[in-house]
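**Student:** One structure, pasted below without further comment.
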Amino acid sequence: MQQAEENQLLLSLYDTYQKDLKKFIRYKGVARDDLDDVIQEIFLAYCRNYSLTLPDDEKKKILLTIAKTKTIDYYRMKKDVDILNIDSLYGEMEMLSKYHMGDGLEKVIHDETCREIREAIYKLKPEWRDVIMEYVVHGKSTKEVCEKLGIKESSLRTRLFRAKQYLRAKYKFSFK
């Protein structure tokens with residue numbers, strides 16, 4: 001196959017599937033700023049390992065499989081980045097509330113920070129907010145939260161994960 005034909009097939013592949021792949025990896029929680037990089041990785045992996053002349057249904061299956069793998073790789077890469085540890089949010093809020101306020105400016109900053117955190121939590125979807133409030137803010141165990149909300153532990157973990165992801169992406173929270 002000539003280079004021009006390969007380029008045309010690659011452009012066609014990209015045009016056909018990139019929007020669906022972006023939606024898929026965005027749904028999986030990849031940050032908007034990283035979407036194009038992950039898409040590029042998906043198409044590079046496809047080109048390195050598969051033929052551009054496969055049937056369309058095969059291409060889509062392969063691309064989605066690669067997208068799943070690249071999403072996992074994305075999270076592994078981001079794992080070491082300093083991000084909000086939502087599990088320690090309860091302790092942080094408690095520490096902030098006990099913090100000695102020396103002057104008016106410190107009090108204003110403290111109040112503003114608490115207000116921002118509170119607003120961010122209340123803007124979450126109700127099912128995420130309920131889990132965050134019970135588990136993080138009130139410090140209840142997973143068993144207690146599951147019983148109170150009538151959900152399975154796997155649902156609790158999924159909701160916590162999605163709420164964390166949303167807060168990281170939307171509000172750029174970072175506590176140390």
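To be explicit about the labels: the chains of the structure tokens are called A, B, and onward in the order shown, and within each one the residues are counted from 1, while ligands get numbers from 1 in the order they are shown.
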Which residues are close to region 16-23 of chain A, i.e. within 10 Å by only C-alpha atoms, leaving aside same-chain residues fewer than 3 positions away? Reply as a list in words.

**Tutor:**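 Counting only C-alpha atoms, the residues come to Leu10, Leu11, Ser12, Leu13, Arg26, Tyr27, Lys28, Gly29, Val30, Arg32, Leu35, Asp36, Val38, Ile39, Gln40, Ile42, Phe43, Asp56, Lys59, Lys60, Leu63, Leu64, Ala67 and Lys68 of chain A.
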
**Student:** Could you check which of A:Tyr75, A:Tyr135, A:Tyr46, A:Phe24 is closest to Glu153 (chain A), using only C-alpha atoms?

**Tutor:**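 Closest to Glu153 (chain A), using only C-alpha atoms: A:Tyr135.
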
**Student:** When you draw a straight line from CA of Ala31 (chain A) to CA of Gln165 (chain A), how long is it in Å?

**Tutor:**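 Taking CA of Ala31 (chain A) as the start and CA of Gln165 (chain A) as the end point, the length is 9.0 Å.
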
**Student:** Record the distance separating CA of Cys146 (chain A) and CA of Arg115 (chain A), expressed in Å with one decimal.

**Tutor:**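 Value for the CA of Cys146 (chain A)-CA of Arg115 (chain A) distance: 27.4 Å.
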
**Student:** Got a sec to tell me which of region 6-94 of chain A DSSP assigns to alpha helix (DSSP H), as number ranges by chain?

**Tutor:** A: 6-27, 35-49, 56-78, 89-94

**Student:** Can I get the selected residues back with C-alpha atoms, as a short mmCIF file (atom, residue, chain, number, x, y, z; two decimals), in the first residue's frame?

**Tutor:**
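result01.cif written:
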data_model
loop_
_atom_site.label_atom_id
_atom_site.label_comp_id
_atom_site.auth_asym_id
_atom_site.auth_seq_id
_atom_site.Cartn_x
_atom_site.Cartn_y
_atom_site.Cartn_z
CA GLU A 6 -2.34 4.84 4.08
CA ASN A 7 -2.66 8.50 4.99
CA GLN A 8 -6.13 8.65 3.45
CA LEU A 9 -7.24 5.52 5.33
CA LEU A 10 -5.85 6.90 8.59
CA LEU A 11 -7.64 10.24 8.10
CA SER A 12 -10.85 8.39 7.31
CA LEU A 13 -10.43 6.23 10.43
CA TYR A 14 -9.79 9.31 12.57
CA ASP A 15 -12.73 11.27 11.13
CA THR A 16 -15.07 8.32 11.56
CA TYR A 17 -14.26 7.38 15.16
CA GLN A 18 -12.61 10.27 16.99
CA LYS A 19 -15.87 11.88 18.19
CA ASP A 20 -17.20 8.62 19.60
CA LEU A 21 -13.87 7.84 21.22
CA LYS A 22 -13.73 11.31 22.80
CA LYS A 23 -17.21 10.82 24.26
CA PHE A 24 -16.23 7.37 25.52
CA ILE A 25 -13.01 8.43 27.25
CA ARG A 26 -14.63 11.60 28.59
CA TYR A 27 -17.35 9.39 30.09
CA LEU A 35 -8.62 14.19 25.73
CA ASP A 36 -6.61 14.93 22.60
CA ASP A 37 -3.48 13.30 24.02
CA VAL A 38 -5.34 10.11 24.88
CA ILE A 39 -7.06 10.08 21.46
CA GLN A 40 -3.67 10.41 19.80
CA GLU A 41 -2.35 7.50 21.86
CA ILE A 42 -5.33 5.36 20.82
CA PHE A 43 -4.82 5.96 17.11
CA LEU A 44 -1.04 5.49 17.37
CA ALA A 45 -1.54 2.15 19.11
CA TYR A 46 -4.02 1.10 16.44
CA CYS A 47 -1.69 2.06 13.58
CA ARG A 48 1.27 0.26 15.16
CA ASN A 49 -0.58 -2.99 15.70
CA ASP A 56 -15.38 -1.20 10.04
CA ASP A 57 -16.98 -3.27 12.82
CA GLU A 58 -13.58 -4.79 13.66
CA LYS A 59 -11.94 -1.35 13.68
CA LYS A 60 -14.49 -0.03 16.14
CA LYS A 61 -14.10 -3.00 18.49
CA ILE A 62 -10.33 -2.70 18.43
CA LEU A 63 -10.41 1.08 18.95
CA LEU A 64 -12.74 0.74 21.94
CA THR A 65 -10.53 -1.95 23.46
CA ILE A 66 -7.49 0.27 23.01
CA ALA A 67 -9.45 3.21 24.48
CA LYS A 68 -10.22 1.18 27.62
CA THR A 69 -6.55 0.30 27.99
CA LYS A 70 -5.37 3.87 27.37
CA THR A 71 -7.87 5.16 29.94
CA ILE A 72 -6.43 2.77 32.51
CA ASP A 73 -2.93 3.94 31.54
CA TYR A 74 -4.09 7.54 31.94
CA TYR A 75 -5.21 6.89 35.52
CA ARG A 76 -2.00 5.04 36.33
CA MET A 77 -0.02 8.00 35.04
CA LYS A 78 -2.13 10.48 37.03
CA LEU A 89 -11.68 16.16 53.49
CA TYR A 90 -13.45 15.53 56.78
CA GLY A 91 -10.20 15.91 58.71
CA GLU A 92 -9.27 19.01 56.73
CA MET A 93 -12.60 20.69 57.43
CA GLU A 94 -12.35 19.80 61.11
#

**Student:** Rank A:Arg168, A:Thr53, A:Gln2, A:Val145 by their smallest atom-to-atom distance to Val131 (chain A), using only C-alpha atoms, and report the top residue only.

**Tutor:** A:Val145

**Student:** Quick one: pull the distance between CA of Val136 (chain A) and CA of Asp33 (chain A), Å, one decimal.

**Tutor:**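 One can read the CA of Val136 (chain A) to CA of Asp33 (chain A) distance as 27.9 Å.
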
**Student:** Between A:Phe161, A:Arg118, A:Lys125, A:Asp34, which has the minimum distance to Val137 (chain A) (counting only C-alpha atoms)?

**Tutor:**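 Under the stated criterion, the closest residue is A:Arg118.
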